[in-house]
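**Q** target_37.tsv is reproduced below (TSV, C-alpha atoms).
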chain	number	residue	atom	x	y	z
A	1	ASP	CA	50.49	44.00	101.37
A	2	LEU	CA	52.00	44.09	97.89
A	3	GLN	CA	54.51	46.92	97.63
A	4	LEU	CA	55.81	48.10	94.28
A	5	SER	CA	59.22	49.64	93.96
A	6	PRO	CA	59.40	52.83	91.83
A	7	HIS	CA	62.62	51.54	90.30
A	8	PRO	CA	62.50	48.07	88.71
A	9	PRO	CA	65.24	45.59	89.63
A	10	SER	CA	68.19	45.37	87.28
A	11	SER	CA	67.01	41.96	86.04
A	12	GLN	CA	63.75	43.52	84.83
A	13	ALA	CA	65.59	46.39	83.24
A	14	LYS	CA	67.38	43.84	81.08
A	15	GLY	CA	64.02	42.67	79.70
A	16	GLU	CA	63.39	39.69	81.99
A	17	LYS	CA	59.80	38.85	82.97
A	18	SER	CA	58.59	39.59	86.50
A	19	HIS	CA	56.97	36.62	88.24
A	20	ALA	CA	54.01	37.66	90.40
A	21	GLY	CA	54.62	34.58	92.52
A	22	GLU	CA	57.64	36.29	94.11
A	23	PHE	CA	55.32	38.83	95.78
A	24	GLY	CA	52.08	36.85	96.05
A	25	TYR	CA	49.01	36.24	93.88
A	26	VAL	CA	47.99	39.29	91.82
A	27	GLY	CA	45.03	37.84	89.91
A	28	ILE	CA	45.94	38.70	86.32
A	29	ASP	CA	44.52	35.39	85.13
A	30	ALA	CA	41.06	36.42	86.41
A	31	ILE	CA	40.65	38.63	83.36
A	32	LEU	CA	39.85	35.55	81.29
A	33	GLU	CA	36.90	34.73	83.54
A	34	GLN	CA	35.75	38.36	83.40
A	35	MET	CA	35.87	38.30	79.61
A	36	ARG	CA	33.99	35.00	79.56
A	37	ARG	CA	31.22	36.34	81.79
A	38	LYS	CA	30.87	39.48	79.70
A	39	ALA	CA	30.72	37.48	76.46
A	40	MET	CA	28.14	35.11	77.97
A	41	LYS	CA	25.93	38.08	78.90
A	42	GLN	CA	26.17	39.69	75.47
A	43	GLY	CA	25.82	36.51	73.46
A	44	PHE	CA	27.23	36.00	69.98
A	45	GLU	CA	26.14	36.66	66.42
A	46	LEU	CA	26.92	34.53	63.39
A	47	ASN	CA	25.67	35.22	59.86
A	48	ILE	CA	26.03	32.43	57.31
A	49	MET	CA	25.08	32.69	53.64
A	50	VAL	CA	24.34	29.57	51.61
A	51	VAL	CA	24.65	29.74	47.82
A	52	GLY	CA	23.96	27.07	45.23
A	53	GLN	CA	21.42	25.71	42.81
A	54	SER	CA	18.05	24.49	44.03
A	55	GLY	CA	17.91	20.89	45.20
A	56	LEU	CA	21.50	20.63	46.50
A	57	GLY	CA	20.42	20.32	50.15
A	58	LYS	CA	21.36	23.79	51.44
A	59	SER	CA	18.56	24.01	54.00
A	60	THR	CA	18.99	20.38	55.07
A	61	LEU	CA	22.73	20.84	55.66
A	62	MET	CA	22.23	23.95	57.79
A	63	ASN	CA	19.60	22.16	59.89
A	64	THR	CA	21.95	19.21	60.31
A	65	LEU	CA	24.98	21.37	61.11
A	66	PHE	CA	23.27	23.18	63.98
A	67	LYS	CA	21.00	20.30	65.04
A	68	SER	CA	18.00	22.61	64.74
A	69	LYS	CA	15.45	23.81	62.20
A	70	VAL	CA	17.44	26.94	61.43
A	71	SER	CA	16.66	26.99	57.71
A	72	ARG	CA	13.33	26.37	56.10
A	73	LYS	CA	13.02	24.26	53.00
A	74	SER	CA	11.60	26.07	50.01
A	75	ALA	CA	7.88	25.59	49.60
A	76	GLN	CA	6.90	24.12	46.25
A	77	PRO	CA	5.19	26.90	44.22
A	78	ASN	CA	3.12	26.51	41.10
A	79	PRO	CA	5.03	25.03	38.13
A	80	GLU	CA	5.06	28.36	36.30
A	81	GLU	CA	6.50	30.12	39.38
A	82	ARG	CA	8.98	27.43	40.38
A	83	ILE	CA	12.10	29.27	39.20
A	84	PRO	CA	12.32	32.89	40.45
A	85	LYS	CA	12.92	35.45	37.71
A	86	THR	CA	15.64	37.07	39.79
A	87	ILE	CA	17.80	35.97	42.69
A	88	GLU	CA	16.09	36.57	46.01
A	89	ILE	CA	17.87	37.12	49.30
A	90	LYS	CA	16.06	35.62	52.28
A	91	SER	CA	17.28	35.80	55.88
A	92	ILE	CA	16.05	33.76	58.83
A	93	SER	CA	17.33	34.46	62.34
A	94	HIS	CA	17.24	32.09	65.30
A	95	ASP	CA	18.37	32.30	68.90
A	96	ILE	CA	20.29	29.15	69.79
A	97	GLU	CA	21.47	28.27	73.29
A	98	GLU	CA	23.92	25.51	74.20
A	99	LYS	CA	25.42	25.01	77.68
A	100	GLY	CA	24.50	28.55	78.67
A	101	VAL	CA	26.01	30.14	75.54
A	102	ARG	CA	23.51	32.16	73.51
A	103	MET	CA	24.00	32.80	69.80
A	104	LYS	CA	21.89	34.66	67.28
A	105	LEU	CA	22.31	32.65	64.10
A	106	THR	CA	21.18	34.19	60.81
A	107	VAL	CA	20.99	31.96	57.73
A	108	ILE	CA	20.88	33.87	54.44
A	109	ASP	CA	19.53	31.89	51.50
A	110	THR	CA	19.77	32.83	47.83
A	111	PRO	CA	16.96	31.02	45.96
A	112	GLY	CA	17.18	31.38	42.21
A	113	PHE	CA	20.99	31.33	41.97
A	114	GLY	CA	22.18	29.25	39.02
A	115	ASP	CA	18.68	28.02	38.15
A	116	HIS	CA	18.35	29.83	34.83
A	117	ILE	CA	19.55	29.00	31.33
A	118	ASN	CA	21.43	32.30	31.21
A	119	ASN	CA	23.21	32.82	34.56
A	120	GLU	CA	25.29	35.77	33.45
A	121	ASN	CA	26.08	38.16	36.31
A	122	CYS	CA	23.89	36.17	38.72
A	123	TRP	CA	26.43	36.82	41.51
A	124	GLN	CA	25.79	40.57	41.42
A	125	PRO	CA	22.69	40.64	43.71
A	126	ILE	CA	24.69	38.59	46.22
A	127	MET	CA	27.67	40.95	45.99
A	128	LYS	CA	25.28	43.87	46.43
A	129	PHE	CA	23.74	42.32	49.53
A	130	ILE	CA	27.15	41.71	51.14
A	131	ASN	CA	28.27	45.27	50.40
A	132	ASP	CA	24.96	46.62	51.72
A	133	GLN	CA	25.67	44.98	55.08
A	134	TYR	CA	29.17	46.47	55.15
A	135	GLU	CA	27.73	49.87	54.33
A	136	ALA	CA	25.06	49.64	57.03
A	137	TYR	CA	27.71	48.74	59.61
A	138	LEU	CA	30.01	51.54	58.42
A	139	GLN	CA	27.23	54.14	58.65
A	140	GLU	CA	26.48	53.04	62.22
A	141	GLU	CA	30.18	53.19	63.03
A	142	ILE	CA	30.71	56.76	61.81
A	143	ASN	CA	27.61	58.22	63.50
A	144	ILE	CA	28.37	60.91	66.08
A	145	ASN	CA	26.05	59.28	68.59
A	146	ARG	CA	26.64	55.67	67.73
A	147	LYS	CA	25.16	52.69	69.50
A	148	LYS	CA	27.06	51.03	72.33
A	149	ARG	CA	26.89	47.75	70.44
A	150	ILE	CA	26.41	47.97	66.68
A	151	PRO	CA	24.11	45.25	65.28
A	152	ASP	CA	26.27	43.02	63.09
A	153	SER	CA	24.51	41.92	59.91
A	154	ARG	CA	27.76	41.43	57.96
A	155	VAL	CA	28.07	38.06	56.22
A	156	HIS	CA	30.74	36.14	58.13
A	157	CYS	CA	30.82	33.05	55.94
A	158	CYS	CA	29.48	32.01	52.54
A	159	ILE	CA	29.04	28.26	52.05
A	160	TYR	CA	29.11	27.58	48.31
A	161	PHE	CA	27.46	24.33	47.18
A	162	ILE	CA	29.10	22.60	44.21
A	163	PRO	CA	26.94	20.07	42.30
A	164	PRO	CA	28.37	16.51	42.60
A	165	THR	CA	29.17	16.11	38.89
A	166	GLY	CA	32.46	14.33	39.58
A	167	HIS	CA	34.19	16.15	36.70
A	168	CYS	CA	35.23	19.76	37.23
A	169	LEU	CA	33.97	23.18	38.30
A	170	ARG	CA	31.54	24.95	36.02
A	171	PRO	CA	32.41	28.45	34.71
A	172	LEU	CA	29.70	29.80	37.01
A	173	ASP	CA	31.37	28.21	40.04
A	174	VAL	CA	34.77	29.65	39.12
A	175	GLU	CA	33.45	33.14	38.42
A	176	PHE	CA	31.35	33.30	41.59
A	177	MET	CA	34.13	32.18	43.91
A	178	ARG	CA	36.75	34.31	42.18
A	179	ARG	CA	34.72	37.47	42.70
A	180	LEU	CA	33.16	36.78	46.09
A	181	SER	CA	36.36	35.47	47.75
A	182	LYS	CA	37.60	39.09	47.73
A	183	VAL	CA	34.76	40.28	49.99
A	184	VAL	CA	33.68	37.30	52.12
A	185	ASN	CA	34.99	34.03	53.54
A	186	ILE	CA	34.12	31.33	50.99
A	187	VAL	CA	33.78	27.71	52.15
A	188	PRO	CA	33.20	25.39	49.14
A	189	VAL	CA	31.38	22.11	49.73
A	190	ILE	CA	30.47	19.22	47.43
A	191	ALA	CA	26.75	18.78	47.93
A	192	LYS	CA	25.14	15.35	48.26
A	193	ALA	CA	28.56	13.70	48.25
A	194	ASP	CA	27.01	10.29	48.96
A	195	THR	CA	26.10	10.15	45.25
A	196	LEU	CA	29.82	9.74	44.43
A	197	THR	CA	32.00	6.69	44.97
A	198	LEU	CA	35.10	7.17	47.13
A	199	GLU	CA	37.31	7.21	44.02
A	200	GLU	CA	35.06	9.72	42.25
A	201	ARG	CA	34.96	11.92	45.33
A	202	ASP	CA	38.76	11.98	45.75
A	203	PHE	CA	39.28	12.71	42.06
A	204	PHE	CA	36.67	15.49	42.13
A	205	LYS	CA	38.19	17.11	45.21
A	206	GLN	CA	41.67	17.05	43.67
A	207	LYS	CA	40.37	18.53	40.42
A	208	ILE	CA	38.59	21.33	42.29
A	209	ARG	CA	41.72	22.16	44.30
A	210	GLU	CA	43.73	22.42	41.08
A	211	GLU	CA	41.14	24.75	39.53
A	212	LEU	CA	41.04	26.93	42.64
A	213	ARG	CA	44.83	27.34	42.46
A	214	ALA	CA	44.81	27.93	38.70
A	215	ASN	CA	42.21	30.70	39.06
A	216	GLU	CA	43.86	32.17	42.17
A	217	ILE	CA	40.74	31.70	44.27
A	218	ASP	CA	41.59	32.02	47.95
A	219	VAL	CA	38.97	30.19	49.98
A	220	TYR	CA	38.79	29.95	53.77
A	221	PRO	CA	41.08	29.41	55.66
A	222	GLN	CA	43.38	31.76	53.76
A	223	LYS	CA	47.11	31.11	54.13
A	224	GLU	CA	48.10	34.74	54.64
A	225	PHE	CA	45.93	34.99	57.75
A	226	ASP	CA	47.65	32.17	59.66
A	227	GLU	CA	48.85	33.83	62.86
A	228	ASP	CA	51.50	31.35	63.99
A	229	ALA	CA	52.94	27.87	63.42
A	230	GLU	CA	50.14	26.21	65.40
A	231	ASP	CA	47.50	27.99	63.32
A	232	ARG	CA	49.31	27.01	60.14
A	233	MET	CA	49.42	23.36	61.14
A	234	ILE	CA	45.68	23.21	61.96
A	235	ASN	CA	44.67	25.17	58.87
A	236	ASP	CA	46.90	23.11	56.57
A	237	LYS	CA	44.96	20.00	57.61
A	238	ILE	CA	41.69	21.75	56.75
A	239	ARG	CA	43.05	23.04	53.44
A	240	GLU	CA	43.93	19.48	52.48
A	241	MET	CA	40.25	18.54	52.85
A	242	ILE	CA	38.84	21.39	50.79
A	243	PRO	CA	36.33	21.24	49.20
A	244	PHE	CA	34.37	19.62	52.01
A	245	ALA	CA	32.26	16.61	51.01
A	246	VAL	CA	28.96	16.75	52.91
A	247	VAL	CA	25.73	14.85	53.35
A	248	GLY	CA	22.77	16.43	55.12
A	249	SER	CA	19.75	14.85	56.74
A	250	ASP	CA	17.08	15.98	59.19
A	251	GLN	CA	15.66	12.48	59.72
A	252	GLU	CA	16.38	10.62	62.96
A	253	TYR	CA	17.14	6.89	63.07
A	254	GLN	CA	17.97	4.40	65.80
A	255	VAL	CA	21.46	2.94	65.37
A	256	ASN	CA	23.02	0.70	68.07
A	257	GLY	CA	20.57	2.02	70.63
A	258	LYS	CA	21.44	5.61	69.85
A	259	ARG	CA	19.26	8.15	67.99
A	260	ILE	CA	21.21	9.88	65.24
A	261	LEU	CA	20.57	12.17	62.30
A	262	GLY	CA	21.18	10.18	59.17
A	263	ARG	CA	20.19	9.03	55.74
A	264	LYS	CA	18.89	5.50	55.32
A	265	THR	CA	19.81	3.46	52.25
A	266	LYS	CA	19.35	-0.17	51.24
A	267	TRP	CA	22.87	-1.01	52.40
A	268	GLY	CA	22.77	0.83	55.72
A	269	THR	CA	22.49	4.21	57.43
A	270	ILE	CA	24.80	7.14	56.79
A	271	GLU	CA	25.26	8.71	60.22
A	272	ASP	CA	24.48	12.39	59.68
A	273	TRP	CA	26.62	14.68	57.58
A	274	SER	CA	29.90	13.77	59.23
A	275	SER	CA	29.93	10.14	58.11
A	276	LEU	CA	31.90	11.05	55.01
A	277	GLU	CA	34.30	13.54	56.58
A	278	LEU	CA	34.56	15.68	59.71
A	279	GLU	CA	35.55	18.99	58.11
A	280	PRO	CA	32.39	21.02	58.79
A	281	VAL	CA	32.76	20.39	62.52
A	282	CYS	CA	36.30	21.84	62.32
A	283	ILE	CA	34.94	25.07	60.89
A	284	CYS	CA	32.06	25.26	63.35
A	285	ARG	CA	33.79	24.29	66.56
A	286	THR	CA	37.30	25.66	66.16
A	287	HIS	CA	37.09	28.48	63.61
A	288	MET	CA	33.82	30.29	64.30
A	289	GLN	CA	35.47	33.26	66.01
A	290	ASN	CA	38.30	33.31	63.47
A	291	ILE	CA	35.79	33.60	60.64
A	292	LYS	CA	34.24	36.62	62.37
A	293	ASP	CA	37.65	38.17	63.06
A	294	ILE	CA	38.71	37.91	59.40
A	295	THR	CA	35.38	39.40	58.30
A	296	SER	CA	35.90	42.37	60.61
A	297	SER	CA	39.66	42.96	60.34
A	298	ILE	CA	40.20	42.06	56.67
A	299	HIS	CA	37.08	42.14	54.47
A	300	PHE	CA	35.22	44.94	56.25
A	301	GLU	CA	38.43	46.90	56.80
A	302	THR	CA	39.21	46.74	53.08
A	303	TYR	CA	35.71	48.01	52.32
A	304	ARG	CA	35.96	50.74	54.97
A	305	VAL	CA	39.32	52.03	53.71
A	306	ARG	CA	38.05	52.15	50.13
A	307	ARG	CA	34.87	53.98	51.11
A	308	LEU	CA	36.64	56.55	53.26
A	309	ASN	CA	39.22	57.14	50.53
A	310	GLU	CA	36.41	57.69	48.06
A	311	SER	CA	34.76	60.14	50.47
A	312	ASN	CA	38.01	62.10	50.78
A	313	GLY	CA	38.70	61.98	47.05
A	314	LEU	CA	41.88	59.96	47.55
A	315	PRO	CA	43.09	57.34	45.06
A	316	HIS	CA	42.83	53.71	46.12
A	317	HIS	CA	45.42	52.18	43.81
A	318	HIS	CA	46.86	50.14	46.69
A	319	LEU	CA	43.74	48.00	46.93
A	320	PRO	CA	43.30	44.65	45.13
A	321	ASP	CA	42.53	44.96	41.43
A	322	ASP	CA	39.02	43.57	41.78
A	323	LEU	CA	38.16	46.23	44.36
A	324	SER	CA	39.68	49.20	42.55
A	325	ALA	CA	38.38	48.27	39.12
A	326	ASP	CA	35.14	49.35	37.49
A	327	PRO	CA	32.44	49.22	40.19
A	328	LYS	CA	29.82	47.93	37.75
A	329	ALA	CA	31.99	44.99	36.80
A	330	ASN	CA	32.33	43.74	40.36
A	331	GLY	CA	29.09	44.71	42.02
A	332	GLN	CA	30.85	47.48	43.92
A	333	LEU	CA	29.46	50.79	45.02
A	334	GLU	CA	29.25	54.12	43.27
A	335	GLU	CA	28.87	57.46	44.98
A	336	GLN	CA	25.83	59.65	44.70
A	337	PRO	CA	25.36	63.18	46.09
A	338	SER	CA	25.38	63.28	49.86
A	339	ALA	CA	22.39	64.19	51.98
A	340	PRO	CA	22.60	66.67	54.90
A	341	GLN	CA	22.86	65.16	58.36
A	342	THR	CA	20.01	65.51	60.79
A	343	ASN	CA	22.28	65.54	63.81
A	344	GLY	CA	23.86	68.89	62.88
A	345	ALA	CA	27.10	67.63	61.34
A	346	ALA	CA	28.19	69.35	58.16
A	347	ALA	CA	27.77	66.38	55.89
A	348	GLN	CA	27.11	62.67	56.18
A	349	HIS	CA	29.02	60.00	54.32
A	350	GLU	CA	27.51	59.47	50.91
A	351	ALA	CA	24.30	57.53	50.51
A	352	LEU	CA	25.20	54.90	48.01
A	353	SER	CA	23.50	52.74	45.48
A	354	HIS	CA	24.93	49.54	44.10
A	355	GLU	CA	24.86	49.57	40.36
A	356	MET	CA	25.25	45.99	39.25
Give the structure from this file in structure tokens form.

**A**
Amino acid sequence: DLQLSPHPPSSQAKGEKSHAGEFGYVGIDAILEQMRRKAMKQGFELNIMVVGQSGLGKSTLMNTLFKSKVSRKSAQPNPEERIPKTIEIKSISHDIEEKGVRMKLTVIDTPGFGDHINNENCWQPIMKFINDQYEAYLQEEININRKKRIPDSRVHCCIYFIPPTGHCLRPLDVEFMRRLSKVVNIVPVIAKADTLTLEERDFFKQKIREELRANEIDVYPQKEFDEDAEDRMINDKIREMIPFAVVGSDQEYQVNGKRILGRKTKWGTIEDWSSLELEPVCICRTHMQNIKDITSSIHFETYRVRRLNESNGLPHHHLPDDLSADPKANGQLEEQPSAPQTNGAAAQHEALSHEM
């Protein structure tokens, strides 16, 4: 039997680690298997928003990325209805299972973004939607009788599609990413990158990186969230590849006896989206949980602190300028009179409306 002394040995008192092997196997490492089993039972949730002009291959890329029909292509309406008058927010959820791991994937599309002659303030409905999800989660969190597991509809990642012009970012691109990078993880991608030559693509990527730095746009993975030297080394490699150059296809072809997703051209077949570069797989396979962690511990926490400070009438001067500035200018929230709680509490946190 394992006997524990009430007084630790002098070596432990000096801060040295105790080795369980001296007394026999304790089983501390079994906690990893317990956590794995619990996570497998619960499953995972991932919410991805795709933003960009029509025709840039948003739905095709999502289908290619997850090897499933997770995003539906827009049906062709009548010519007079082809461009929506306002930006719509459409969500499609799918249950995906791979090697026993279940994940509820929600793809949020934004048809109508950037499709008008005047695109002024077209990011505001998207900002409102993201804040609405934060607010819904916060209200569930502060309930007296809250759910054991709160449904997570918060946007974990926003993939922003840049048209492959080969020149520079448009003012709309800069303004959208500058504002939205404060509230969500932005991953910029060059859409339909196979339309650019290798030289054009490299020049375009370099130009975009310079403009991101000049406008102080912090896209994912953000430097300040690197946890250690190993994280920094992995993330630095990804940051060197931003913006990601992607090609999407949901057509299958036979290449060297193997069926692959690809795009067929006169000079050969581009093997699925990763033929140009492998960056999206880095985000999907190695950073999925990190994206969720940053959403919860950074973006949502910033929102939660601001909201609770507003509820208590406290100033929030310590928050970033874009979050403490005029709510109307940034798609933020404004307070309205609170409604009485039905569960007997004195007052509920304010019901809010987003004034854009």

**Q** Using only C-alpha atoms, which residues sit within 10 Å of Ser181 of chain A once same-chain residues fewer than 3 positions away are excluded, as a list in words?

**A** Cys158, Phe176, Met177, Arg178, Val184, Asn185, Ile186, Val187, Glu216, Ile217, Asp218, Val219, Tyr220, Gln222 and His299 of chain A

**Q** Taking only C-alpha atoms into account, which of A:Leu65, A:Asp231, A:Leu56, A:Ser153 comes nearest Ser93 of chain A?

**A**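 Closest to Ser93 of chain A, using only C-alpha atoms: A:Ser153.
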
**Q** One number please: atom CA of Asp293 of chain A to atom CA of Phe225 of chain A, in Å, one decimal.

**A** 10.3 Å

**Q** Per residue of segment 134-220 of chain A within 12 Å of segment 96-105 of chain A, record the nearest atom pair and its distance in Å to one decimal, counting only C-alpha atoms, with rows in chain order and ascending residue number, as CSV.

**A**
residue,atom,partner,partner_atom,distance
A:Pro151,CA,A:Lys104,CA,11.0
A:Asp152,CA,A:Lys104,CA,10.3
A:Ser153,CA,A:Leu105,CA,10.4
A:Val155,CA,A:Leu105,CA,11.2
A:His156,CA,A:Leu105,CA,10.9
A:Cys157,CA,A:Leu105,CA,11.8

**Q** Could you state the separation of atom CA of Arg304 of chain A and atom CA of Glu135 of chain A in Å, given to one decimal place?

**A**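 Atom-to-atom, atom CA of Arg304 of chain A to atom CA of Glu135 of chain A, that is 8.3 Å.
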